[in-house]
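Enquirer: Contents of start-v3.txt (compact mmCIF, C-alpha atoms (C1' of nucleotides)):
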# COMPACT_ATOMS: atom_id res chain seq x y z
CA MET A 924 88.87 99.83 113.07
CA ALA A 925 86.38 100.87 110.50
CA LEU A 926 87.88 98.32 108.22
CA GLY A 927 88.79 95.85 110.88
CA LYS A 928 91.06 92.97 110.23
CA ASP A 929 89.48 90.16 112.14
CA TYR A 930 88.13 87.75 109.57
CA ALA A 931 89.10 84.86 111.83
CA THR A 932 86.38 82.46 110.80
CA GLN A 933 87.17 82.77 107.11
CA GLU A 934 89.24 79.90 105.76
CA CYS A 935 90.29 81.70 102.68
CA SER A 936 93.42 83.31 101.31
CA ILE A 937 91.35 86.28 100.19
CA ALA A 938 90.25 86.90 103.76
CA ARG A 939 93.83 86.45 104.96
CA ALA A 940 95.01 88.99 102.43
CA LEU A 941 92.31 91.43 103.48
CA GLU A 942 93.33 91.09 107.11
CA VAL A 943 96.70 92.51 106.10
CA VAL A 944 95.88 95.03 103.37
CA GLY A 945 92.11 95.43 103.72
CA GLU A 946 92.04 98.33 106.11
CA ARG A 947 91.12 101.74 104.99
CA TRP A 948 93.92 103.63 103.16
CA THR A 949 96.26 100.63 103.15
CA LEU A 950 95.98 99.72 99.48
CA LEU A 951 96.33 103.36 98.49
CA VAL A 952 99.54 103.63 100.49
CA ILE A 953 100.86 100.59 98.63
CA ARG A 954 99.73 102.03 95.31
CA ASP A 955 101.64 105.22 96.04
CA ALA A 956 104.67 103.19 97.05
CA LEU A 957 104.53 101.39 93.70
CA TYR A 958 104.40 104.76 92.00
CA GLY A 959 107.57 105.79 93.80
CA VAL A 960 106.37 107.61 96.92
CA ARG A 961 108.61 106.80 99.86
CA ARG A 962 108.49 109.56 102.44
CA TYR A 963 106.01 110.21 105.21
CA ASN A 964 105.31 113.72 104.08
CA ASP A 965 104.80 112.74 100.46
CA PHE A 966 102.25 110.07 101.39
CA LEU A 967 100.58 112.64 103.62
CA VAL A 968 100.30 115.30 100.95
CA HIS A 969 99.32 112.97 98.14
CA LEU A 970 96.73 110.90 99.99
CA GLY A 971 95.23 113.52 102.27
CA ILE A 972 95.26 110.91 105.01
CA PRO A 973 95.21 111.87 108.71
CA ARG A 974 98.72 111.88 110.15
CA ALA A 975 97.95 109.39 112.89
CA VAL A 976 96.41 106.94 110.45
CA LEU A 977 99.37 107.20 108.11
CA ALA A 978 101.83 106.55 110.92
CA ASN A 979 99.76 103.57 112.00
CA ARG A 980 99.58 102.11 108.47
CA LEU A 981 103.27 102.60 107.76
CA GLN A 982 104.15 100.85 110.99
CA ALA A 983 101.70 97.99 110.37
CA LEU A 984 102.87 97.48 106.79
CA THR A 985 106.47 97.47 107.98
CA ALA A 986 105.61 94.88 110.61
CA GLU A 987 103.96 92.74 107.94
CA GLY A 988 107.03 92.87 105.76
CA ILE A 989 105.32 94.81 102.99
CA LEU A 990 107.32 97.99 103.52
CA GLU A 991 110.83 98.40 104.79
CA LYS A 992 111.88 101.42 106.79
CA ARG A 993 115.32 102.54 105.81
CA ARG A 994 117.51 105.49 106.76
CA TYR A 995 118.33 107.56 103.73
CA GLN A 996 120.19 110.47 105.32
CA GLU A 997 121.85 111.05 108.66
CA SER A 998 122.24 114.77 109.11
CA PRO A 999 118.75 115.25 109.99
CA PRO A 1000 117.95 111.57 110.45
CA ARG A 1001 115.32 110.70 107.88
CA ASP A 1002 113.74 107.39 106.99
CA GLU A 1003 111.92 106.30 103.90
CA TYR A 1004 109.50 103.42 103.41
CA VAL A 1005 110.30 101.14 100.50
CA LEU A 1006 108.26 98.24 99.18
CA THR A 1007 109.63 94.76 99.79
CA GLU A 1008 109.15 91.92 97.33
CA ARG A 1009 106.05 90.99 99.29
CA GLY A 1010 104.69 94.46 98.73
CA ILE A 1011 105.64 94.54 95.07
CA ALA A 1012 103.75 91.27 94.67
CA LEU A 1013 100.54 93.21 95.27
CA TRP A 1014 100.87 94.90 91.90
CA PRO A 1015 98.64 92.40 90.04
CA ALA A 1016 95.88 92.80 92.63
CA LEU A 1017 96.05 96.59 92.50
CA ARG A 1018 96.12 96.55 88.73
CA ALA A 1019 93.09 94.26 88.60
CA LEU A 1020 91.24 96.64 90.89
CA GLY A 1021 92.21 99.59 88.73
CA ILE A 1022 91.10 97.85 85.56
CA TRP A 1023 87.76 97.06 87.17
CA GLY A 1024 87.36 100.62 88.37
CA ARG A 1025 87.96 102.08 84.95
CA GLU A 1026 85.99 99.53 82.95
CA GLN A 1027 83.00 99.26 85.25
CA LEU A 1028 82.78 102.69 86.81
CA GLY A 1029 83.50 104.57 83.62
CA GLY A 1030 85.78 107.44 82.83
CA GLU A 1031 88.96 107.98 80.92
CA PRO A 1032 92.04 106.02 81.96
CA MET A 1033 94.12 108.02 84.43
CA ARG A 1034 97.39 106.21 83.86
CA THR A 1035 98.52 103.64 81.35
CA PHE A 1036 101.20 101.02 81.80
CA TRP A 1037 103.72 99.94 79.20
CA HIS A 1038 106.51 97.44 78.85
CA ALA A 1039 109.63 99.59 79.13
CA ASP A 1040 111.75 97.16 77.08
CA CYS A 1041 109.58 97.23 73.97
CA GLY A 1042 107.18 100.13 74.39
CA THR A 1043 104.01 98.03 74.20
CA GLU A 1044 101.01 98.72 76.41
CA LEU A 1045 100.39 96.00 78.96
CA SER A 1046 97.44 93.66 78.69
CA PRO A 1047 94.87 93.78 81.50
CA TYR A 1048 96.66 91.01 83.36
CA GLY A 1049 100.08 92.58 83.18
CA ALA A 1050 101.58 90.62 80.32
CA CYS A 1051 103.26 92.22 77.34
CA PRO A 1052 101.32 91.30 74.18
CA ALA A 1053 104.42 91.78 72.04
CA CYS A 1054 106.88 89.80 74.13
CA GLY A 1055 104.35 87.32 75.44
CA THR A 1056 105.95 87.44 78.85
CA LEU A 1057 104.81 88.66 82.23
CA VAL A 1058 106.43 92.03 82.83
CA ALA A 1059 108.29 92.59 86.09
CA VAL A 1060 107.08 95.61 88.02
CA ARG A 1061 110.44 97.33 87.61
CA ASP A 1062 110.10 97.07 83.84
CA VAL A 1063 106.76 98.85 83.76
CA ASP A 1064 106.55 102.39 82.48
CA MET A 1065 103.68 104.48 83.76
CA ARG A 1066 102.35 107.21 81.49
CA PRO A 1067 99.59 109.75 82.07
CA GLY A 1068 96.25 108.92 80.48
CA PRO A 1069 93.63 111.30 79.11
CA GLY A 1070 91.76 111.38 82.42
CA LEU A 1071 94.68 112.73 84.45
CA ASP A 1072 94.67 116.35 85.56
CA PRO A 1073 97.65 117.88 83.72
CA ASP A 1074 98.33 120.50 86.40
CA PRO A 1075 97.62 119.16 89.87
CA ALA A 1076 98.06 121.23 93.00
CA ASP A 1077 100.35 119.19 95.22
CA PRO A 1078 104.00 118.59 94.35
CA VAL A 1079 103.71 114.82 94.69
CA SER A 1080 101.01 114.60 92.06
CA ARG A 1081 103.13 116.85 89.88
CA ALA A 1082 106.13 114.59 90.33
CA LEU A 1083 103.95 111.62 89.35
CA LEU A 1084 102.81 113.30 86.13
CA GLY A 1085 105.51 112.48 83.68
CA PRO A 1086 106.20 109.11 82.19
CA ARG A 1087 108.14 107.23 84.82
CA ARG A 1088 109.26 103.78 85.83
CA LEU A 1089 107.27 102.07 88.58
CA LEU A 1090 109.11 101.93 91.93
CA GLN A 1091 111.49 104.68 90.90
CA PRO A 1092 111.62 107.17 93.80
CA ILE A 1093 109.90 110.47 93.11
CA GLU A 1094 111.82 113.71 93.12
CA THR A 1095 109.79 116.51 94.69
CA GLU A 1096 111.09 119.98 94.06
CA GLN A 1097 113.17 121.57 96.81
CA GLN A 1098 110.75 123.16 99.17
CA GLY A 1099 112.54 124.40 102.20
CA PRO A 1100 115.73 125.22 104.03
CA ALA A 1101 115.82 121.98 105.94
CA ARG A 1102 115.91 120.05 102.74
CA ARG A 1103 119.08 118.38 101.62
CA ARG A 1104 118.98 115.23 99.57
CA PRO A 1105 122.27 113.61 98.54
CA ALA A 1106 122.57 112.49 94.94
CA MET B 124 81.96 105.63 102.69
CA ALA B 125 85.23 103.89 102.63
CA LEU B 126 87.51 106.61 101.42
CA GLY B 127 85.60 109.80 101.87
CA LYS B 128 84.60 111.91 98.94
CA ASP B 129 88.07 112.99 97.96
CA TYR B 130 88.30 110.74 94.94
CA ALA B 131 88.38 114.07 93.16
CA THR B 132 91.84 114.53 94.58
CA GLN B 133 92.63 110.83 94.15
CA GLU B 134 92.62 110.73 90.39
CA CYS B 135 92.92 107.02 90.16
CA SER B 136 90.71 104.14 89.15
CA ILE B 137 92.05 102.12 92.07
CA ALA B 138 90.73 104.71 94.51
CA ARG B 139 87.43 104.79 92.66
CA ALA B 140 87.16 101.03 92.88
CA LEU B 141 87.95 101.10 96.58
CA GLU B 142 85.24 103.68 97.12
CA VAL B 143 82.78 101.07 95.95
CA VAL B 144 84.19 97.77 97.19
CA GLY B 145 86.78 98.88 99.74
CA GLU B 146 84.67 98.82 102.86
CA ARG B 147 84.98 96.12 105.42
CA TRP B 148 83.22 92.86 104.46
CA THR B 149 82.33 94.05 100.98
CA LEU B 150 84.86 92.00 99.04
CA LEU B 151 84.06 88.95 101.13
CA VAL B 152 80.37 89.31 100.28
CA ILE B 153 81.30 89.42 96.60
CA ARG B 154 83.60 86.42 97.02
CA ASP B 155 80.74 84.47 98.56
CA ALA B 156 78.45 85.55 95.75
CA LEU B 157 80.98 84.23 93.23
CA TYR B 158 81.01 80.95 95.13
CA GLY B 159 77.23 80.73 94.77
CA VAL B 160 75.87 82.26 97.97
CA ARG B 161 72.74 84.28 97.24
CA ARG B 162 70.57 84.52 100.32
CA TYR B 163 70.76 86.91 103.24
CA ASN B 164 70.84 84.15 105.78
CA ASP B 165 73.54 82.22 103.98
CA PHE B 166 75.81 85.27 103.82
CA LEU B 167 75.07 85.85 107.48
CA VAL B 168 75.97 82.34 108.57
CA HIS B 169 79.00 81.97 106.36
CA LEU B 170 80.60 85.34 107.02
CA GLY B 171 79.70 85.85 110.67
CA ILE B 172 78.94 89.46 109.78
CA PRO B 173 76.63 91.64 111.92
CA ARG B 174 73.12 91.67 110.49
CA ALA B 175 72.95 95.44 110.15
CA VAL B 176 76.26 95.56 108.30
CA LEU B 177 75.19 92.81 105.93
CA ALA B 178 71.92 94.57 105.14
CA ASN B 179 73.84 97.77 104.53
CA ARG B 180 76.37 96.11 102.21
CA LEU B 181 73.76 94.23 100.21
CA GLN B 182 71.82 97.41 99.68
CA ALA B 183 74.92 99.41 98.73
CA LEU B 184 76.14 96.74 96.33
CA THR B 185 72.70 96.58 94.75
CA ALA B 186 72.68 100.35 94.37
CA GLU B 187 76.10 100.18 92.69
CA GLY B 188 74.89 97.59 90.22
CA ILE B 189 77.17 94.86 91.55
CA LEU B 190 74.38 92.73 92.95
CA GLU B 191 70.83 92.40 91.72
CA LYS B 192 67.98 91.72 94.13
CA ARG B 193 65.52 89.31 92.64
CA ARG B 194 62.40 87.59 93.92
CA TYR B 195 62.81 83.85 93.85
CA GLN B 196 59.61 82.79 95.55
CA GLU B 197 56.32 84.49 96.31
CA SER B 198 54.95 82.87 99.41
CA PRO B 199 56.61 83.70 101.66
CA PRO B 200 58.18 86.47 99.57
CA ARG B 201 61.90 85.90 99.41
CA ASP B 202 64.63 87.70 97.52
CA GLU B 203 68.10 86.63 96.55
CA TYR B 204 71.12 88.70 95.63
CA VAL B 205 72.79 87.71 92.40
CA LEU B 206 75.99 89.10 90.91
CA THR B 207 75.63 91.27 87.84
CA GLU B 208 78.24 91.34 85.09
CA ARG B 209 79.81 94.24 86.90
CA GLY B 210 80.13 92.12 90.02
CA ILE B 211 81.42 89.10 88.13
CA ALA B 212 84.09 91.35 86.65
CA LEU B 213 85.65 91.57 90.11
CA TRP B 214 86.78 87.95 89.87
CA PRO B 215 90.29 88.77 88.58
CA ALA B 216 90.85 91.23 91.41
CA LEU B 217 89.65 88.78 94.04
CA ARG B 218 91.73 86.01 92.54
CA ALA B 219 94.82 88.21 92.51
CA LEU B 220 94.26 89.00 96.18
CA GLY B 221 93.85 85.32 96.97
CA ILE B 222 97.00 84.39 95.09
CA TRP B 223 98.93 87.03 96.99
CA GLY B 224 97.51 85.86 100.30
CA ARG B 225 98.54 82.29 99.71
CA GLU B 226 101.94 82.98 98.18
CA GLN B 227 103.03 85.71 100.54
CA LEU B 228 101.31 84.82 103.78
CA GLY B 229 101.97 81.09 103.51
CA GLY B 230 99.78 78.10 104.07
CA GLU B 231 98.16 75.42 101.98
CA PRO B 232 95.80 76.49 99.23
CA MET B 233 92.21 76.46 100.44
CA ARG B 234 90.55 76.17 97.05
CA THR B 235 91.86 75.54 93.57
CA PHE B 236 90.33 76.69 90.30
CA TRP B 237 90.17 74.69 87.10
CA HIS B 238 88.98 75.14 83.56
CA ALA B 239 85.77 73.11 83.46
CA ASP B 240 86.01 72.47 79.73
CA CYS B 241 89.39 70.77 79.79
CA GLY B 242 90.15 70.03 83.45
CA THR B 243 93.33 72.10 83.62
CA GLU B 244 94.19 74.18 86.65
CA LEU B 245 94.07 77.91 86.00
CA SER B 246 97.20 80.00 85.84
CA PRO B 247 97.59 82.74 88.46
CA TYR B 248 96.00 85.28 86.13
CA GLY B 249 93.00 83.19 85.27
CA ALA B 250 94.01 81.83 81.91
CA CYS B 251 93.90 78.16 81.00
CA PRO B 252 97.44 76.97 80.21
CA ALA B 253 96.11 74.19 77.98
CA CYS B 254 93.63 76.21 75.95
CA GLY B 255 95.60 79.43 76.07
CA THR B 256 92.41 81.39 76.56
CA LEU B 257 91.04 83.48 79.37
CA VAL B 258 88.45 81.39 81.16
CA ALA B 259 85.02 82.89 81.77
CA VAL B 260 83.95 82.82 85.39
CA ARG B 261 81.07 80.51 84.59
CA ASP B 262 83.52 77.98 83.17
CA VAL B 263 85.61 77.82 86.32
CA ASP B 264 85.42 74.76 88.53
CA MET B 265 86.28 75.30 92.18
CA ARG B 266 87.74 72.34 94.06
CA PRO B 267 88.77 72.04 97.71
CA GLY B 268 92.47 72.38 98.38
CA PRO B 269 94.55 70.71 101.10
CA GLY B 270 94.12 73.65 103.47
CA LEU B 271 90.33 73.47 103.59
CA ASP B 272 88.62 72.06 106.67
CA PRO B 273 86.90 68.89 105.42
CA ASP B 274 84.08 69.05 107.96
CA PRO B 275 83.06 72.63 108.69
CA ALA B 276 80.34 73.54 111.16
CA ASP B 277 77.94 75.72 109.22
CA PRO B 278 75.79 74.39 106.38
CA VAL B 279 76.98 77.01 103.91
CA SER B 280 80.61 75.99 104.29
CA ARG B 281 79.50 72.40 103.89
CA ALA B 282 77.63 73.23 100.71
CA LEU B 283 80.76 74.95 99.40
CA LEU B 284 82.95 71.91 100.04
CA GLY B 285 82.49 69.81 96.97
CA PRO B 286 83.81 70.57 93.53
CA ARG B 287 81.42 73.07 92.07
CA ARG B 288 81.02 75.60 89.31
CA LEU B 289 81.53 79.24 90.22
CA LEU B 290 78.28 81.25 90.37
CA GLN B 291 76.17 78.11 90.62
CA PRO B 292 73.72 78.71 93.48
CA ILE B 293 74.44 76.71 96.59
CA GLU B 294 72.02 74.12 97.83
CA THR B 295 71.75 74.24 101.59
CA GLU B 296 70.07 71.23 103.06
CA GLN B 297 66.31 71.47 103.31
CA GLN B 298 65.50 73.53 106.32
CA GLY B 299 62.47 75.05 104.76
CA PRO B 300 59.57 76.75 106.43
CA ALA B 301 59.34 75.88 110.11
CA ARG B 302 61.35 72.73 110.12
CA ARG B 303 61.19 70.81 113.36
CA ARG B 304 64.29 71.29 115.37
CA PRO B 305 66.43 68.14 115.16
CA ALA B 306 68.14 66.71 118.22
C1' DC C 617 117.98 133.09 119.09
C1' DT C 618 114.31 132.58 116.16
C1' DT C 619 112.19 130.22 112.51
C1' DC C 620 111.47 126.54 109.47
C1' DT C 621 110.80 121.46 108.00
C1' DC C 622 110.12 116.71 108.90
C1' DG C 623 108.02 113.10 111.21
C1' DG C 624 105.53 112.07 114.23
C1' DT C 625 102.17 112.04 118.94
C1' DT C 626 98.12 113.67 121.62
C1' DC C 627 93.48 114.84 122.03
C1' DA C 628 88.42 115.62 121.46
C1' DT C 629 84.92 114.65 118.32
C1' DT C 630 82.56 111.95 114.98
C1' DC C 631 81.36 107.87 112.88
C1' DA C 632 81.28 102.98 111.70
C1' DC C 633 81.18 98.45 113.50
C1' DC C 634 79.45 95.24 116.77
C1' DG C 635 76.26 92.12 119.25
C1' DA C 636 71.96 91.47 121.03
C1' DA C 637 67.27 92.31 121.08
C1' DC C 638 63.29 93.15 118.67
C1' DC C 639 59.81 93.06 114.70
C1' DG C 640 56.54 91.68 110.90
C1' DA C 641 55.12 88.59 107.44
C1' DT C 642 54.38 83.92 106.54
C1' DG C 643 53.79 79.22 107.28
C1' DA C 644 53.78 74.89 110.18
C1' DT C 645 52.16 72.51 114.36
C1' DG C 646 48.88 70.93 117.81
C1' DC D 975 42.59 78.94 117.33
C1' DA D 976 47.23 79.72 119.87
C1' DT D 977 51.87 78.83 119.55
C1' DC D 978 56.15 78.51 117.52
C1' DA D 979 59.70 78.75 113.90
C1' DT D 980 62.10 80.86 109.80
C1' DC D 981 63.52 84.62 107.02
C1' DG D 982 64.97 89.12 106.41
C1' DG D 983 65.58 92.62 108.16
C1' DT D 984 65.53 97.22 111.85
C1' DT D 985 66.69 99.36 116.33
C1' DC D 986 69.68 100.38 120.03
C1' DG D 987 73.51 100.96 123.31
C1' DG D 988 78.49 100.34 123.72
C1' DT D 989 83.02 100.35 121.75
C1' DG D 990 86.71 101.45 119.02
C1' DA D 991 88.64 103.41 114.89
C1' DA D 992 89.01 107.55 111.81
C1' DT D 993 89.37 112.41 111.64
C1' DG D 994 91.32 117.14 111.96
C1' DA D 995 93.70 120.20 114.64
C1' DA D 996 97.04 121.19 117.89
C1' DC D 997 101.28 120.17 119.80
C1' DC D 998 106.19 118.47 120.09
C1' DG D 999 111.29 117.55 119.46
C1' DA D 1000 115.37 117.10 116.63
C1' DG D 1001 118.00 119.40 113.39
C1' DA D 1002 119.30 123.03 110.24
C1' DA D 1003 119.05 127.89 108.31
C1' DG D 1004 119.21 132.66 108.81
Could you take the file, read its structure, and then write that structure out as C-alpha cells?
Expert:
Amino acid sequence: MALGKDYATQECSIARALEVVGERWTLLVIRDALYGVRRYNDFLVHLGIPRAVLANRLQALTAEGILEKRRYQESPPRDEYVLTERGIALWPALRALGIWGREQLGGEPMRTFWHADCGTELSPYGACPACGTLVAVRDVDMRPGPGLDPDPADPVSRALLGPRRLLQPIETEQQGPARRRPA
Amino acid sequence: MALGKDYATQECSIARALEVVGERWTLLVIRDALYGVRRYNDFLVHLGIPRAVLANRLQALTAEGILEKRRYQESPPRDEYVLTERGIALWPALRALGIWGREQLGGEPMRTFWHADCGTELSPYGACPACGTLVAVRDVDMRPGPGLDPDPADPVSRALLGPRRLLQPIETEQQGPARRRPA
DNA sequence: CTTCTCGGTTCATTCACCGAACCGATGATG
DNA sequence: CATCATCGGTTCGGTGAATGAACCGAGAAG
C-alpha cells in the first residue's frame, strides 16, 4: 500500500490510529460519512476514488468497526455504510485537521460548524462557547462557508451544500429508473 | 502526492491538510519532531523508515514550511530539522488521533501529557482543567504511561523515556565522531 | 427483450514504498 | 599516511498498492 499500515515498531496510540485510518482516502471516506454520505455510488462520485480502492476501504473500515454495512432496501438489495460510535469518535481528529488546513494553508473556510441547539459557532476544539459544553456530533449543524463553490457539478456535493445536520443521510435527487427509496 | 491534485474537486480543508501531511510516515515524523527528535539519524532509528523515504519526507515538510532545516554545527557540517509554528500547530490533530487510538483501539496509555506550570494532566482537547486555559505546546510535559516499554532497544526511544518537555531536543548518548565500537 | 442503475470485480499499467548497497565529506585511530 | 567510522544522504532492483477502464450480475423499467 502506498500508505501502508505496518507501523509495528511504534509504541504509540498515534501510530496505532494511523494503522487503521492512515491509508490513502480513508479519512476522506470517514469525513464524507460524517457529512451524511452512506452509499457506494455517492462516495464514488464525491471522492473521485477508484472503485476498487473504495470497495477495499469500505470493507476494511467495516472490519475495523468504524463503519457498519446495513441493508436499507430489499427489492433490489442495497446496502449502505453507516458510521459506528467508533467512527463518529474520529470527528475531533478530522476537525483538528481541517482547522489546521484552513489556518495554516490559507483560504476561506469551506464549511462552518454550529451548535444546533443554540446557533453558536463551535470553537476550534468542538465546544460551544455559549453553552460551555462539548457538542455531540449529532448536534452539530454544518453550514457552507465563503470558500465553498455554490454550484458544484456532482449531485452529492450539491446535496451537501445546504445547512444540514452532521450524520444526517444525504438525499440525492432521483436519477434513474432503478431508483426507489422508501420514505 | 498523497491525494492527487484533485483538491480542486475536494473543496475541503481536511483534504488540503491531507495533501500535505497525509502521506505515509509524515505524521509520525511530525510526532517525533514534537517529542524532540531533530536529526536525520534519530528519525531513522526511531521510526524504522527507509532512508530514501525519510529524506523525501524531510525535504517535502521543509518545502511546506512545517520543518526548518538549520545548521547546528560546522565541522562536520550537520543540519537538524526543527518544527516551525506551522508544524507545531499540528499538535491538536496528532493528539486527537492519539486519543482516538487509545480510547477506541484499547490498550494502556503510552504517554501522558501534563501542564508543566501546574502539574495537571491535560484534558482530551489539550486544555488544562485546573487553569482553564489552552496549554501551549512548549508548556506540555510528556510522561511515560503504563503501556510504554520501560527498556527499549534504540537510543532514541530511551532518550524519550523520561518525563520531558515537548519540543525540547533529545539528548542521545554521546556517540560522537568515530566513537570506538563498544563490546 | 433490451436497456438502465447499482455495486462491485478484473486487469494492465503506473507509481510509491522497501531494503540493501553505495557514496562523499569529515574526523578519529594507529 | 592508510584505515575505519559516522552522518546524511543517493541509487537501484524488486514488490505491492493505486489507478482507470473494462467487464459483470442482479434487479427493475420500458
Enquirer: Just to confirm, what's the straight-line distance from CA of Leu957 in chain A to CA of Val976 in chain A in Å (one decimal)?
Expert: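 Taking CA of Leu957 in chain A as the start and CA of Val976 in chain A as the end point, the length is 19.4 Å.
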Enquirer: Neighbours of DA996 in chain D within 12 Å (all atoms listed in the file; same-chain residues fewer than 6 positions away dropped), as an MDAnalysis selection string?
Expert: chainID C and resid 625:628
Enquirer: Do you have, as JSON lines, the list of residues of chain B lying at most 8 Å from chain A, each with its nearest atom pair and that distance in Å to one decimal, counting all atoms listed in the file and ordered by chain then number?
Expert:
{"residue": "B:Ala125", "atom": "CA", "partner": "A:Arg947", "partner_atom": "CA", "distance": 6.7}
{"residue": "B:Leu126", "atom": "CA", "partner": "A:Arg947", "partner_atom": "CA", "distance": 7.0}
{"residue": "B:Gln133", "atom": "CA", "partner": "A:Leu970", "partner_atom": "CA", "distance": 7.1}
{"residue": "B:Glu134", "atom": "CA", "partner": "A:Leu1071", "partner_atom": "CA", "distance": 6.6}
{"residue": "B:Cys135", "atom": "CA", "partner": "A:Met1033", "partner_atom": "CA", "distance": 5.9}
{"residue": "B:Ser136", "atom": "CA", "partner": "A:Gly1021", "partner_atom": "CA", "distance": 4.8}
{"residue": "B:Ile137", "atom": "CA", "partner": "A:Gly1021", "partner_atom": "CA", "distance": 4.2}
{"residue": "B:Ala138", "atom": "CA", "partner": "A:Leu951", "partner_atom": "CA", "distance": 7.0}
{"residue": "B:Arg139", "atom": "CA", "partner": "A:Gly1024", "partner_atom": "CA", "distance": 6.0}
{"residue": "B:Ala140", "atom": "CA", "partner": "A:Gly1024", "partner_atom": "CA", "distance": 4.5}
{"residue": "B:Leu141", "atom": "CA", "partner": "A:Leu1020", "partner_atom": "CA", "distance": 7.9}
{"residue": "B:Gly145", "atom": "CA", "partner": "A:Arg947", "partner_atom": "CA", "distance": 7.4}
{"residue": "B:Glu146", "atom": "CA", "partner": "A:Leu926", "partner_atom": "CA", "distance": 6.3}
{"residue": "B:Arg147", "atom": "CA", "partner": "A:Leu926", "partner_atom": "CA", "distance": 4.6}
{"residue": "B:Leu151", "atom": "CA", "partner": "A:Ala938", "partner_atom": "CA", "distance": 7.0}
{"residue": "B:Leu170", "atom": "CA", "partner": "A:Gln933", "partner_atom": "CA", "distance": 7.1}
{"residue": "B:Gly171", "atom": "CA", "partner": "A:Thr932", "partner_atom": "CA", "distance": 7.5}
{"residue": "B:Arg209", "atom": "CA", "partner": "A:Gln1027", "partner_atom": "CA", "distance": 6.2}
{"residue": "B:Ala212", "atom": "CA", "partner": "A:Trp1023", "partner_atom": "CA", "distance": 6.8}
{"residue": "B:Leu213", "atom": "CA", "partner": "A:Trp1023", "partner_atom": "CA", "distance": 6.6}
{"residue": "B:Pro215", "atom": "CA", "partner": "A:Ala1019", "partner_atom": "CA", "distance": 6.2}
{"residue": "B:Ala216", "atom": "CA", "partner": "A:Ala1019", "partner_atom": "CA", "distance": 4.7}
{"residue": "B:Leu217", "atom": "CA", "partner": "A:Ile937", "partner_atom": "CA", "distance": 6.9}
{"residue": "B:Arg218", "atom": "CA", "partner": "A:Ile937", "partner_atom": "CA", "distance": 7.7}
{"residue": "B:Ala219", "atom": "CA", "partner": "A:Ala1016", "partner_atom": "CA", "distance": 4.7}
{"residue": "B:Leu220", "atom": "CA", "partner": "A:Ala1016", "partner_atom": "CA", "distance": 5.4}
{"residue": "B:Gly221", "atom": "CA", "partner": "A:Ile937", "partner_atom": "CA", "distance": 4.2}
{"residue": "B:Ile222", "atom": "CA", "partner": "A:Ser936", "partner_atom": "CA", "distance": 7.3}
{"residue": "B:Trp223", "atom": "CA", "partner": "A:Leu1013", "partner_atom": "CA", "distance": 6.6}
{"residue": "B:Gly224", "atom": "CA", "partner": "A:Ala940", "partner_atom": "CA", "distance": 4.5}
{"residue": "B:Arg225", "atom": "CA", "partner": "A:Ser936", "partner_atom": "CA", "distance": 5.5}
{"residue": "B:Gln227", "atom": "CA", "partner": "A:Arg1009", "partner_atom": "CA", "distance": 6.2}
{"residue": "B:Leu228", "atom": "CA", "partner": "A:Ala940", "partner_atom": "CA", "distance": 7.7}
{"residue": "B:Pro232", "atom": "CA", "partner": "A:Ser936", "partner_atom": "CA", "distance": 7.5}
{"residue": "B:Met233", "atom": "CA", "partner": "A:Cys935", "partner_atom": "CA", "distance": 6.0}
{"residue": "B:Arg234", "atom": "CA", "partner": "A:Cys935", "partner_atom": "CA", "distance": 7.9}
{"residue": "B:Tyr248", "atom": "CA", "partner": "A:Tyr1048", "partner_atom": "CA", "distance": 6.4}
{"residue": "B:Leu271", "atom": "CA", "partner": "A:Glu934", "partner_atom": "CA", "distance": 6.9}
{"residue": "B:Asp272", "atom": "CA", "partner": "A:Glu934", "partner_atom": "CA", "distance": 7.9}
Enquirer: If you fit chain B onto chain A using every C-alpha atom, paired in order, what RMSD in Å do you get?
Expert: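 Answer to one decimal place: 3.3 Å.
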Enquirer: Which residues of chain C sit at most 8 Å from chain A, using all atoms listed in the file? Give each one's shortest atom pair and distance in Å (one decimal place), in chain and ascending residue order, as JSON lines.
Expert:
{"residue": "C:DC620", "atom": "C1'", "partner": "A:Pro1100", "partner_atom": "CA", "distance": 7.0}
{"residue": "C:DT621", "atom": "C1'", "partner": "A:Ala1101", "partner_atom": "CA", "distance": 5.5}
{"residue": "C:DC622", "atom": "C1'", "partner": "A:Asn964", "partner_atom": "CA", "distance": 7.4}
{"residue": "C:DG623", "atom": "C1'", "partner": "A:Tyr963", "partner_atom": "CA", "distance": 7.0}
{"residue": "C:DG624", "atom": "C1'", "partner": "A:Ala978", "partner_atom": "CA", "distance": 7.4}
{"residue": "C:DT625", "atom": "C1'", "partner": "A:Ala975", "partner_atom": "CA", "distance": 7.8}
{"residue": "C:DA632", "atom": "C1'", "partner": "A:Ala925", "partner_atom": "CA", "distance": 5.6}
{"residue": "C:DC633", "atom": "C1'", "partner": "A:Ala925", "partner_atom": "CA", "distance": 6.5}
